[in-house]
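Notes for the one structure printed next.
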Amino acid sequence: MTATPILRLRGIDKSFGPVQVLHDVSFDVHPGEVTALVGDNGAGKSTLVKCIGGIHPIDGGEYWFEDEEVQVHSPRDAAALGVEIVYQDLALCDNLDIVQNMFLGREKRRGLVLDDATMEEMAAKTLEGLSVRTVKSIRQQVSSLSGGQRQTVAIAKAVLWNSKVVILDEPTAALGVAQTAQVLELVRRLADNGLAVVLISHNMNDVFAVSDRIAALYLGRMAAQIRTSDVTHAQVVELITSGRSGDLGLATTNGATA
Amino acid sequence: MTAAVAPEKPEMPDSLGTSKRNGTAGAASLRSVARNYVERVRGGELGALPAVLGLIVLCVFFAALRPVFLSELNFANLLTQGAGSIAIAMGLVFVLLLGEIDLSAGYASGVCAAVLAILLTDHGWPWFAAVGAAILTGTVIGLLLGVLVAKVGIPSFVVTLAAFLGFQGIVLMLLKEGTNISIRDQTILAVANNNLSPALGWSLFAVSVAAYAAIQFRQNRNRRQRGLATSPPTLLAVRIGGLAVLGAVAVHLLNQERSRNVIVDSLKGVPIVVPVIAVLLVAGTFLLQRTSFGLHIYAVGGNAEAARRAGINVAAIRITAFVICSSLAAVGGIIAASRGNSVDPNTGGSNVLLLAVGAAVIGGTSLFGGRGRVVDAVLGGMVVAVIQNGMGLMGYSSGVKYAVTGSVLLVAAGVDALSRRRAVQR
């Protein structure tokens with residue numbers, strides 16, 4: 001489990017105009033592990049993820065992927081590396097079916113014509129690989145799916161392309177208890193299949209249920225990145241709310257509030 | 001059934017879990033296909049169902065009150081009456097799928113018809129060059145509208161409302177303040193006025209059914225070989241048989257002598273507009289259901305943001321949809337010019353656009369975008385034509401005809417809105 005991180009960020013700075021959102025952030029993501037990214041509202045979680053995904057260019061710092069320093073300027077660059085982000089609002093087309101959504105924008109074709117059979121096979125295989133048994137038919141319209149099933153489709157879409165890092169933005173925020181369990185199980189399975197998973201969550205129960213490591217952001221700074229097994233619930237909450245907890249966290253929290 | 005998802009409803013396999021698909025996935029049973037269909041209808045995806053039911057009810061109603069409604073002559077009339085607005089409605093389907101509207105399609109068809117008439121009659125161009133120029137005019141109009149909507153960002157309602165007024169003016173200017181240009185080119189006149197010979201009608205029919213059957217069987221065999229769920233053979237037979245029977249009845253009826261005075265003039269055969277519309281229908285359906293361009297139209301109409309994040313060039317899709325719409329409007333204009341034997345300032349004007357929008361919506365195309373098929377335009381266009389034609393036979397004034405057509409459009413849009421709400425509630 002202590003394999004070298006697949007994704008390493010060092011000293012990332014990011015400002016929007018006069019507002020500096022990320023200060024000198026370092027972040028490691030390991031293959032085969034779930035890294036939970038936690039932090040209060042406005043701590044910079046989404047910005048950090050968007051920097052990783054190439055939506056926001058970084059102002060300074062290093063972006064290392066598989067031991068090579070890379071430049072990520074657009075979502076396309078990130079996708080080419082094998083980084084896929086599943087956004088909170090999922091971005092699925094309700095009026096298309098599961099297969100069509102999974103392949104949207106990257107359809108398989110034979111000449112001019114869509115190669116439905118191949119896409120259906122690949123989609124079925126991906127869902128099978130994730131042991132998804134909850135959908136009745138992969139030719140079902142997404143509008144007929146439950147919230148958990150939609151999340152499943154969005155995640156399956158992200159792993160369809162042999163991605164190496166999958167980032168999930170609050171995947172359980174809008175789900176009920178049973179569906180949350182389903183999605184968390186899927187998240188765990190992704191990591192067990194060797195993918196590096198980043199899970200953004202507000203829910204401490206979810207974080208402790210599936211994550212191997214926790215990275216806590218506090219006002220745009222990385223307060224701490226620790227093994228989940230080494231900390232308690234209360235410590236993580238302290239890291240989120242004050243940036244430090246005992247020996248952990250930022251040296252002085254005063255300087256952080258700029 | 002929404003076309004976006006199930007161009008062929010039997011492609012929806014039954015309750016096979018994805019986990020046990022391999023090997024066991026065979027032909028779905030007819031019952032499960034039927035159950036799936038009923039489920040989708042109950043879920044608010046009515047598709048073409050209201051239009052088909054409405055068509056049957058209207059036909060029975062008019063046939064009972066005015067037996068002449070069922071005569072061969074009237075049947076042929078219905079088809080040629082409806083063809084122009086059906087062509088425009090087919091184009092509108094593309095724009096409606098994006099959740100946009102093109103209010104100028106009627107007068108765009110008028111502009112294109114005027115271009116056609118001027119080139120043919122005043123400049124003596126050969127018919128194919130004039131037709132090409134008319135369609136090119138439509139393409140340019142669509143490009144202009146599309147760029148204004150997709151690139152400049154003006155709402156399509158406003159852009160096309162402005163174009164509606166503007167094109168009305170252009171038609172007047174082209175026709176020198178309202179003169180009427182008659183069309184004398186035999187080929188153009190033939191489109192809406194002449195018929196295929198009975199033998200040609202039958203052979204076209206045979207080729208179409210054979211091609212349809214071949215495509216269906218090939219698709220099914222391909223899927224079976226790869227272990228994917230296939231349609232039940234019974235359903236396949238029902239669909240191919242249905243097309244064959246309906247087509248055969250239509251061709252047979254149209255091949256009957258329908259001239260009132262046979263000695264003067266023989267009148268029989270399938271009107272030439274029918275294969276014209278059929279070709280447009282097949283081409284449009286292929287484009288929407290079988291190509292990624294079509295899929296992207298549905299995607300943009302369903303969730304433009306998702307489409308953008310999937311790397312689809314949303315602006316290009318929008319512009320192309322407007323280009324297709326206006327180009328098909330040009331075809332509608334050519335058909336109208338042929339049917340009227342002339343072009344006047346009213347070609348493509350008055351109620352043409354509203355009937356075309358009505359046809360698309362009555363056929364099951366959603367005004368909210370993301371749902372609809374090209375065949376909707378044909379079904380809805382037939383409903384509109386039947387109302388106009390049947391009520392005309394009943395001796396109602398055009399005032400009543402307009403009021404009834406307007407009500408039917410309102411009902412269709414209401415069904416669309418309610419079924420959409422039902423789908424969202426799930």
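Letters A, B, ... go to the chains of the structure tokens in the order shown; residues in each chain start at 1; ligands are counted from 1 in the same order.
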
From a DSSP pass on the backbone, collect the residues of segment 49-226 of chain A flagged as strand (DSSP E or B) and hand them back as a PDB file with N, CA, C and O atoms, in the first residue's frame.
```pdb
ATOM      1  N   GLY A  60       1.342  28.459  -9.747  1.00  0.00           N
ATOM      2  CA  GLY A  60       2.710  28.071  -9.427  1.00  0.00           C
ATOM      3  C   GLY A  60       2.705  26.709  -8.772  1.00  0.00           C
ATOM      4  O   GLY A  60       1.676  26.255  -8.275  1.00  0.00           O
ATOM      5  N   GLY A  61       3.850  26.047  -8.799  1.00  0.00           N
ATOM      6  CA  GLY A  61       3.941  24.740  -8.183  1.00  0.00           C
ATOM      7  C   GLY A  61       4.179  23.661  -9.218  1.00  0.00           C
ATOM      8  O   GLY A  61       4.223  23.924 -10.421  1.00  0.00           O
ATOM      9  N   GLU A  62       4.344  22.439  -8.732  1.00  0.00           N
ATOM     10  CA  GLU A  62       4.679  21.325  -9.622  1.00  0.00           C
ATOM     11  C   GLU A  62       3.565  20.303  -9.635  1.00  0.00           C
ATOM     12  O   GLU A  62       2.957  20.016  -8.609  1.00  0.00           O
ATOM     13  N   TYR A  63       3.334  19.767 -10.805  1.00  0.00           N
ATOM     14  CA  TYR A  63       2.301  18.743 -11.028  1.00  0.00           C
ATOM     15  C   TYR A  63       3.052  17.519 -11.522  1.00  0.00           C
ATOM     16  O   TYR A  63       3.574  17.510 -12.632  1.00  0.00           O
ATOM     17  N   TRP A  64       3.186  16.514 -10.657  1.00  0.00           N
ATOM     18  CA  TRP A  64       3.907  15.300 -11.040  1.00  0.00           C
ATOM     19  C   TRP A  64       2.922  14.177 -11.273  1.00  0.00           C
ATOM     20  O   TRP A  64       2.026  13.956 -10.470  1.00  0.00           O
ATOM     21  N   PHE A  65       3.106  13.481 -12.380  1.00  0.00           N
ATOM     22  CA  PHE A  65       2.249  12.331 -12.654  1.00  0.00           C
ATOM     23  C   PHE A  65       3.146  11.164 -13.049  1.00  0.00           C
ATOM     24  O   PHE A  65       3.937  11.267 -13.981  1.00  0.00           O
ATOM     25  N   GLU A  68       6.815  11.961 -13.362  1.00  0.00           N
ATOM     26  CA  GLU A  68       7.246  12.896 -14.392  1.00  0.00           C
ATOM     27  C   GLU A  68       6.533  14.209 -14.162  1.00  0.00           C
ATOM     28  O   GLU A  68       5.338  14.212 -13.867  1.00  0.00           O
ATOM     29  N   GLU A  69       7.231  15.301 -14.319  1.00  0.00           N
ATOM     30  CA  GLU A  69       6.536  16.566 -14.160  1.00  0.00           C
ATOM     31  C   GLU A  69       5.773  16.872 -15.442  1.00  0.00           C
ATOM     32  O   GLU A  69       6.322  16.767 -16.536  1.00  0.00           O
ATOM     33  N   VAL A  83      -6.712  11.070 -15.877  1.00  0.00           N
ATOM     34  CA  VAL A  83      -7.381  11.660 -14.718  1.00  0.00           C
ATOM     35  C   VAL A  83      -8.811  12.002 -15.114  1.00  0.00           C
ATOM     36  O   VAL A  83      -9.031  12.746 -16.062  1.00  0.00           O
ATOM     37  N   GLU A  84      -9.778  11.424 -14.412  1.00  0.00           N
ATOM     38  CA  GLU A  84     -11.180  11.697 -14.713  1.00  0.00           C
ATOM     39  C   GLU A  84     -11.862  12.224 -13.454  1.00  0.00           C
ATOM     40  O   GLU A  84     -11.607  11.751 -12.350  1.00  0.00           O
ATOM     41  N   ILE A  85     -12.710  13.216 -13.635  1.00  0.00           N
ATOM     42  CA  ILE A  85     -13.428  13.791 -12.497  1.00  0.00           C
ATOM     43  C   ILE A  85     -14.916  13.526 -12.644  1.00  0.00           C
ATOM     44  O   ILE A  85     -15.480  13.713 -13.718  1.00  0.00           O
ATOM     45  N   VAL A  86     -15.529  13.037 -11.583  1.00  0.00           N
ATOM     46  CA  VAL A  86     -16.979  12.877 -11.566  1.00  0.00           C
ATOM     47  C   VAL A  86     -17.542  14.027 -10.745  1.00  0.00           C
ATOM     48  O   VAL A  86     -17.324  14.101  -9.539  1.00  0.00           O
ATOM     49  N   ASP A  97     -29.572   6.896 -23.013  1.00  0.00           N
ATOM     50  CA  ASP A  97     -29.501   5.714 -22.163  1.00  0.00           C
ATOM     51  C   ASP A  97     -28.091   5.583 -21.561  1.00  0.00           C
ATOM     52  O   ASP A  97     -27.219   6.422 -21.779  1.00  0.00           O
ATOM     53  N   ARG A 109     -17.369   4.250 -33.655  1.00  0.00           N
ATOM     54  CA  ARG A 109     -18.072   4.275 -34.931  1.00  0.00           C
ATOM     55  C   ARG A 109     -17.486   3.265 -35.891  1.00  0.00           C
ATOM     56  O   ARG A 109     -16.332   2.869 -35.773  1.00  0.00           O
ATOM     57  N   ARG A 110     -18.324   2.845 -36.819  1.00  0.00           N
ATOM     58  CA  ARG A 110     -17.839   2.076 -37.962  1.00  0.00           C
ATOM     59  C   ARG A 110     -18.171   2.907 -39.172  1.00  0.00           C
ATOM     60  O   ARG A 110     -19.311   2.977 -39.580  1.00  0.00           O
ATOM     61  N   VAL A 113     -21.389   5.259 -39.186  1.00  0.00           N
ATOM     62  CA  VAL A 113     -22.468   4.755 -38.349  1.00  0.00           C
ATOM     63  C   VAL A 113     -21.961   4.433 -36.949  1.00  0.00           C
ATOM     64  O   VAL A 113     -20.846   3.950 -36.779  1.00  0.00           O
ATOM     65  N   LEU A 114     -22.780   4.719 -35.951  1.00  0.00           N
ATOM     66  CA  LEU A 114     -22.442   4.373 -34.575  1.00  0.00           C
ATOM     67  C   LEU A 114     -22.334   2.860 -34.439  1.00  0.00           C
ATOM     68  O   LEU A 114     -23.161   2.125 -34.960  1.00  0.00           O
ATOM     69  N   GLN A 141     -33.052   4.425 -20.107  1.00  0.00           N
ATOM     70  CA  GLN A 141     -32.814   5.869 -20.098  1.00  0.00           C
ATOM     71  C   GLN A 141     -32.333   6.307 -18.725  1.00  0.00           C
ATOM     72  O   GLN A 141     -32.821   5.803 -17.712  1.00  0.00           O
ATOM     73  N   VAL A 165      -6.577   7.833 -12.325  1.00  0.00           N
ATOM     74  CA  VAL A 165      -7.002   8.585 -11.149  1.00  0.00           C
ATOM     75  C   VAL A 165      -8.461   8.993 -11.355  1.00  0.00           C
ATOM     76  O   VAL A 165      -8.799   9.573 -12.377  1.00  0.00           O
ATOM     77  N   VAL A 166      -9.311   8.644 -10.407  1.00  0.00           N
ATOM     78  CA  VAL A 166     -10.719   9.060 -10.490  1.00  0.00           C
ATOM     79  C   VAL A 166     -11.027   9.931  -9.287  1.00  0.00           C
ATOM     80  O   VAL A 166     -10.764   9.547  -8.144  1.00  0.00           O
ATOM     81  N   ILE A 167     -11.519  11.132  -9.559  1.00  0.00           N
ATOM     82  CA  ILE A 167     -11.833  12.076  -8.494  1.00  0.00           C
ATOM     83  C   ILE A 167     -13.337  12.222  -8.393  1.00  0.00           C
ATOM     84  O   ILE A 167     -14.014  12.497  -9.385  1.00  0.00           O
ATOM     85  N   LEU A 168     -13.873  11.981  -7.201  1.00  0.00           N
ATOM     86  CA  LEU A 168     -15.317  12.019  -7.012  1.00  0.00           C
ATOM     87  C   LEU A 168     -15.671  13.195  -6.121  1.00  0.00           C
ATOM     88  O   LEU A 168     -15.221  13.275  -4.979  1.00  0.00           O
ATOM     89  N   ASP A 169     -16.487  14.109  -6.656  1.00  0.00           N
ATOM     90  CA  ASP A 169     -16.862  15.299  -5.910  1.00  0.00           C
ATOM     91  C   ASP A 169     -18.184  15.039  -5.187  1.00  0.00           C
ATOM     92  O   ASP A 169     -19.231  14.987  -5.823  1.00  0.00           O
ATOM     93  N   ALA A 196      -6.350   4.952  -8.405  1.00  0.00           N
ATOM     94  CA  ALA A 196      -6.182   5.935  -7.351  1.00  0.00           C
ATOM     95  C   ALA A 196      -7.476   6.730  -7.278  1.00  0.00           C
ATOM     96  O   ALA A 196      -7.923   7.272  -8.282  1.00  0.00           O
ATOM     97  N   VAL A 197      -8.092   6.757  -6.106  1.00  0.00           N
ATOM     98  CA  VAL A 197      -9.382   7.417  -5.973  1.00  0.00           C
ATOM     99  C   VAL A 197      -9.264   8.591  -5.007  1.00  0.00           C
ATOM    100  O   VAL A 197      -8.675   8.454  -3.940  1.00  0.00           O
ATOM    101  N   VAL A 198      -9.793   9.728  -5.426  1.00  0.00           N
ATOM    102  CA  VAL A 198      -9.884  10.872  -4.527  1.00  0.00           C
ATOM    103  C   VAL A 198     -11.353  11.101  -4.242  1.00  0.00           C
ATOM    104  O   VAL A 198     -12.159  11.205  -5.167  1.00  0.00           O
ATOM    105  N   LEU A 199     -11.700  11.123  -2.959  1.00  0.00           N
ATOM    106  CA  LEU A 199     -13.091  11.271  -2.567  1.00  0.00           C
ATOM    107  C   LEU A 199     -13.247  12.577  -1.805  1.00  0.00           C
ATOM    108  O   LEU A 199     -12.678  12.745  -0.730  1.00  0.00           O
ATOM    109  N   ILE A 200     -14.010  13.498  -2.375  1.00  0.00           N
ATOM    110  CA  ILE A 200     -14.317  14.720  -1.638  1.00  0.00           C
ATOM    111  C   ILE A 200     -15.586  14.466  -0.860  1.00  0.00           C
ATOM    112  O   ILE A 200     -16.570  13.981  -1.429  1.00  0.00           O
ATOM    113  N   ARG A 213      -6.408   7.260   3.292  1.00  0.00           N
ATOM    114  CA  ARG A 213      -5.716   8.461   3.741  1.00  0.00           C
ATOM    115  C   ARG A 213      -6.691   9.617   3.751  1.00  0.00           C
ATOM    116  O   ARG A 213      -7.672   9.617   3.018  1.00  0.00           O
ATOM    117  N   ILE A 214      -6.358  10.602   4.580  1.00  0.00           N
ATOM    118  CA  ILE A 214      -7.196  11.798   4.635  1.00  0.00           C
ATOM    119  C   ILE A 214      -6.312  13.009   4.401  1.00  0.00           C
ATOM    120  O   ILE A 214      -5.225  13.112   4.987  1.00  0.00           O
ATOM    121  N   ALA A 215      -6.743  13.882   3.509  1.00  0.00           N
ATOM    122  CA  ALA A 215      -6.051  15.153   3.299  1.00  0.00           C
ATOM    123  C   ALA A 215      -7.011  16.247   3.715  1.00  0.00           C
ATOM    124  O   ALA A 215      -8.125  16.313   3.204  1.00  0.00           O
ATOM    125  N   ALA A 216      -6.581  17.075   4.670  1.00  0.00           N
ATOM    126  CA  ALA A 216      -7.479  18.112   5.180  1.00  0.00           C
ATOM    127  C   ALA A 216      -6.994  19.474   4.731  1.00  0.00           C
ATOM    128  O   ALA A 216      -5.863  19.869   4.988  1.00  0.00           O
ATOM    129  N   LEU A 217      -7.856  20.191   4.035  1.00  0.00           N
ATOM    130  CA  LEU A 217      -7.539  21.561   3.616  1.00  0.00           C
ATOM    131  C   LEU A 217      -8.118  22.522   4.636  1.00  0.00           C
ATOM    132  O   LEU A 217      -9.219  22.318   5.142  1.00  0.00           O
ATOM    133  N   TYR A 218      -7.351  23.566   4.943  1.00  0.00           N
ATOM    134  CA  TYR A 218      -7.855  24.596   5.849  1.00  0.00           C
ATOM    135  C   TYR A 218      -7.506  25.947   5.261  1.00  0.00           C
ATOM    136  O   TYR A 218      -6.331  26.282   5.110  1.00  0.00           O
ATOM    137  N   ARG A 221      -4.842  25.988   2.623  1.00  0.00           N
ATOM    138  CA  ARG A 221      -3.558  25.333   2.901  1.00  0.00           C
ATOM    139  C   ARG A 221      -3.810  23.881   3.249  1.00  0.00           C
ATOM    140  O   ARG A 221      -4.850  23.536   3.809  1.00  0.00           O
ATOM    141  N   MET A 222      -2.852  23.022   2.920  1.00  0.00           N
ATOM    142  CA  MET A 222      -2.993  21.619   3.276  1.00  0.00           C
ATOM    143  C   MET A 222      -2.611  21.481   4.745  1.00  0.00           C
ATOM    144  O   MET A 222      -1.446  21.597   5.105  1.00  0.00           O
ATOM    145  N   ALA A 223      -3.620  21.271   5.596  1.00  0.00           N
ATOM    146  CA  ALA A 223      -3.352  21.190   7.030  1.00  0.00           C
ATOM    147  C   ALA A 223      -2.583  19.917   7.350  1.00  0.00           C
ATOM    148  O   ALA A 223      -1.611  19.945   8.109  1.00  0.00           O
ATOM    149  N   ALA A 224      -3.015  18.815   6.796  1.00  0.00           N
ATOM    150  CA  ALA A 224      -2.321  17.560   7.066  1.00  0.00           C
ATOM    151  C   ALA A 224      -2.768  16.512   6.068  1.00  0.00           C
ATOM    152  O   ALA A 224      -3.889  16.561   5.557  1.00  0.00           O
ATOM    153  N   GLN A 225      -1.864  15.570   5.777  1.00  0.00           N
ATOM    154  CA  GLN A 225      -2.263  14.406   4.991  1.00  0.00           C
ATOM    155  C   GLN A 225      -1.817  13.191   5.780  1.00  0.00           C
ATOM    156  O   GLN A 225      -0.618  12.976   5.985  1.00  0.00           O
ATOM    157  N   ILE A 226      -2.773  12.433   6.310  1.00  0.00           N
ATOM    158  CA  ILE A 226      -2.430  11.354   7.226  1.00  0.00           C
ATOM    159  C   ILE A 226      -3.164  10.084   6.856  1.00  0.00           C
ATOM    160  O   ILE A 226      -4.123  10.094   6.078  1.00  0.00           O
TER     161      ILE A 226
END
```

Interface residues on chain A facing chain B, 9 Å, only C-alpha atoms, written as a PyMOL selection string: chain A and resi 75-76+90-97+100-101+103-109+112-118+120-121+124-125+127-129+131-141+143-146

Shell around Asp206 of chain A at 9 Å using only C-alpha atoms, local window under 3 positions removed, as a ChimeraX atom specification: /A:172,180-181,184,201-203,209-211

Contacts of Thr234 of chain B within 8 Å, only C-alpha atoms, excl. fewer than 3 positions in-chain, as JSON, numbers by chain: {"B": [30, 237, 238]}

Selected residues written out, N, CA and C atoms, as a short mmCIF file (atom, residue, chain, number, x, y, z; two decimals), in the first residue's frame:
```cif
data_model
loop_
_atom_site.label_atom_id
_atom_site.label_comp_id
_atom_site.auth_asym_id
_atom_site.auth_seq_id
_atom_site.Cartn_x
_atom_site.Cartn_y
_atom_site.Cartn_z
N LEU B 30 -41.43 -11.50 -26.34
CA LEU B 30 -42.34 -10.48 -26.83
C LEU B 30 -43.05 -9.81 -25.66
N ALA B 237 -41.07 -9.72 -37.15
CA ALA B 237 -42.06 -10.06 -38.18
C ALA B 237 -43.19 -9.06 -38.18
N VAL B 238 -43.64 -8.66 -36.97
CA VAL B 238 -44.75 -7.71 -36.87
C VAL B 238 -44.37 -6.40 -37.53
#
```

Secondary structure check, helix (DSSP H, G or I) residues of segment 130-235 of chain A, as a ChimeraX atom specification: /A:142-144,147-159,177-192,204-210,228-230,233-235

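In this structure, atom CA of Ser85 of chain B sits 24.2 Å away from atom CA of Asn255 of chain B.
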
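The smallest atom-to-atom distance between Val111 of chain B and any of B:Val159, B:Ala330, B:Leu97, B:Ile86, using only C-alpha atoms, is found for B:Ala330.
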
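Here atom CA of Val38 of chain A is placed at a distance of 24.3 Å from atom CA of Gln149 of chain A.
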
Ala199 of chain B environment, 12 Å, only C-alpha atoms, sequence neighbours closer than 2 positions dropped, as a PyMOL selection string: chain B and resi 195-197+201-206+251-252+254-255+268-270

Create the file for the chosen residues now, containing all heavy atoms and written as a short mmCIF file (atom, residue, chain, number, x, y, z; two decimals), in the first residue's frame.
```cif
data_model
loop_
_atom_site.label_atom_id
_atom_site.label_comp_id
_atom_site.auth_asym_id
_atom_site.auth_seq_id
_atom_site.Cartn_x
_atom_site.Cartn_y
_atom_site.Cartn_z
N ASN B 195 -47.88 11.57 -60.82
CA ASN B 195 -47.82 10.33 -60.06
C ASN B 195 -46.82 9.38 -60.69
O ASN B 195 -46.52 9.47 -61.89
CB ASN B 195 -49.19 9.67 -60.05
CG ASN B 195 -50.24 10.62 -59.50
OD1 ASN B 195 -50.12 11.09 -58.38
ND2 ASN B 195 -51.25 10.92 -60.31
N LEU B 196 -46.33 8.47 -59.88
CA LEU B 196 -45.51 7.39 -60.41
C LEU B 196 -46.42 6.44 -61.16
O LEU B 196 -47.60 6.32 -60.83
CB LEU B 196 -44.85 6.62 -59.26
CG LEU B 196 -43.96 7.40 -58.30
CD1 LEU B 196 -43.53 6.49 -57.15
CD2 LEU B 196 -42.73 7.92 -59.03
N SER B 197 -45.88 5.74 -62.15
CA SER B 197 -46.70 4.73 -62.81
C SER B 197 -46.95 3.62 -61.80
O SER B 197 -46.14 3.39 -60.90
CB SER B 197 -45.96 4.18 -64.03
OG SER B 197 -44.89 3.37 -63.60
N GLY B 201 -44.54 2.34 -58.76
CA GLY B 201 -44.97 2.42 -57.37
C GLY B 201 -44.75 1.10 -56.66
O GLY B 201 -44.18 1.04 -55.57
N TRP B 202 -45.19 0.02 -57.31
CA TRP B 202 -45.03 -1.30 -56.69
C TRP B 202 -43.56 -1.66 -56.53
O TRP B 202 -43.17 -2.22 -55.49
CB TRP B 202 -45.75 -2.37 -57.52
CG TRP B 202 -47.23 -2.43 -57.27
CD1 TRP B 202 -48.22 -2.20 -58.17
CD2 TRP B 202 -47.88 -2.71 -56.02
NE1 TRP B 202 -49.45 -2.31 -57.57
CE2 TRP B 202 -49.29 -2.64 -56.25
CE3 TRP B 202 -47.44 -3.03 -54.74
CZ2 TRP B 202 -50.22 -2.87 -55.24
CZ3 TRP B 202 -48.38 -3.25 -53.74
CH2 TRP B 202 -49.75 -3.17 -54.00
N SER B 203 -42.74 -1.36 -57.54
CA SER B 203 -41.34 -1.79 -57.41
C SER B 203 -40.63 -1.00 -56.31
O SER B 203 -39.86 -1.57 -55.54
CB SER B 203 -40.57 -1.69 -58.73
OG SER B 203 -41.29 -0.97 -59.68
N LEU B 204 -40.93 0.32 -56.22
CA LEU B 204 -40.32 1.10 -55.14
C LEU B 204 -40.73 0.54 -53.79
O LEU B 204 -39.92 0.42 -52.86
CB LEU B 204 -40.76 2.56 -55.23
CG LEU B 204 -39.88 3.50 -56.05
CD1 LEU B 204 -40.42 4.91 -55.99
CD2 LEU B 204 -38.45 3.44 -55.55
N PHE B 205 -42.01 0.18 -53.69
CA PHE B 205 -42.53 -0.39 -52.45
C PHE B 205 -41.77 -1.68 -52.10
O PHE B 205 -41.30 -1.86 -50.97
CB PHE B 205 -44.02 -0.67 -52.61
CG PHE B 205 -44.58 -1.66 -51.64
CD1 PHE B 205 -44.79 -1.31 -50.32
CD2 PHE B 205 -44.88 -2.95 -52.05
CE1 PHE B 205 -45.29 -2.24 -49.41
CE2 PHE B 205 -45.37 -3.88 -51.15
CZ PHE B 205 -45.58 -3.53 -49.83
N ALA B 206 -41.62 -2.56 -53.12
CA ALA B 206 -40.95 -3.84 -52.87
C ALA B 206 -39.52 -3.62 -52.42
O ALA B 206 -39.04 -4.24 -51.46
CB ALA B 206 -41.00 -4.70 -54.14
N VAL B 251 -50.25 1.77 -51.56
CA VAL B 251 -49.89 1.74 -52.98
C VAL B 251 -51.07 1.25 -53.82
O VAL B 251 -51.39 1.81 -54.87
CB VAL B 251 -48.65 0.84 -53.21
CG1 VAL B 251 -48.38 0.68 -54.70
CG2 VAL B 251 -47.44 1.43 -52.51
N HIS B 252 -51.77 0.23 -53.29
CA HIS B 252 -52.91 -0.31 -54.03
C HIS B 252 -53.98 0.76 -54.22
O HIS B 252 -54.49 0.97 -55.32
CB HIS B 252 -53.48 -1.52 -53.28
CG HIS B 252 -54.75 -2.04 -53.88
ND1 HIS B 252 -54.75 -2.78 -55.05
CD2 HIS B 252 -56.04 -1.91 -53.51
CE1 HIS B 252 -56.00 -3.08 -55.36
NE2 HIS B 252 -56.80 -2.57 -54.44
N LEU B 254 -53.64 4.01 -54.08
CA LEU B 254 -53.20 5.12 -54.92
C LEU B 254 -53.09 4.71 -56.38
O LEU B 254 -53.10 5.56 -57.27
CB LEU B 254 -51.85 5.65 -54.41
CG LEU B 254 -51.93 6.35 -53.05
CD1 LEU B 254 -50.55 6.60 -52.49
CD2 LEU B 254 -52.70 7.66 -53.18
N ASN B 255 -52.99 3.40 -56.63
CA ASN B 255 -52.89 2.95 -58.00
C ASN B 255 -54.26 2.80 -58.67
O ASN B 255 -54.35 2.50 -59.85
CB ASN B 255 -52.14 1.61 -58.07
CG ASN B 255 -50.63 1.83 -58.06
OD1 ASN B 255 -50.18 2.96 -58.23
ND2 ASN B 255 -49.88 0.77 -57.86
N LYS B 268 -53.81 8.08 -61.84
CA LYS B 268 -53.56 7.00 -60.89
C LYS B 268 -52.07 6.87 -60.62
O LYS B 268 -51.24 7.31 -61.41
CB LYS B 268 -54.15 5.69 -61.39
CG LYS B 268 -53.63 5.21 -62.72
CD LYS B 268 -54.34 3.91 -63.07
CE LYS B 268 -53.94 3.43 -64.47
NZ LYS B 268 -54.63 2.19 -64.83
N GLY B 269 -51.77 6.25 -59.49
CA GLY B 269 -50.37 6.05 -59.10
C GLY B 269 -50.03 6.82 -57.84
O GLY B 269 -50.79 7.68 -57.39
N VAL B 270 -48.87 6.49 -57.28
CA VAL B 270 -48.42 7.14 -56.05
C VAL B 270 -47.92 8.54 -56.40
O VAL B 270 -47.07 8.69 -57.29
CB VAL B 270 -47.28 6.33 -55.41
CG1 VAL B 270 -46.76 7.03 -54.16
CG2 VAL B 270 -47.75 4.92 -55.09
#
```

One-decimal distance in Å that lies between atom CA of Ser419 of chain B and atom CA of Arg31 of chain B: 24.2 Å

Exercise: segment 56-58 of chain B partners within 12 Å, only C-alpha atoms, chain neighbours under 6 positions left out, as a list in words: Leu49, Pro50, Ala64, Leu65, Arg66, Phe69, Leu70, Leu379, Met382, Val383, Val384, Ala385, Val386, Ile387, Gln388, Asn389, Gly390, Met391 and Val408 of chain B
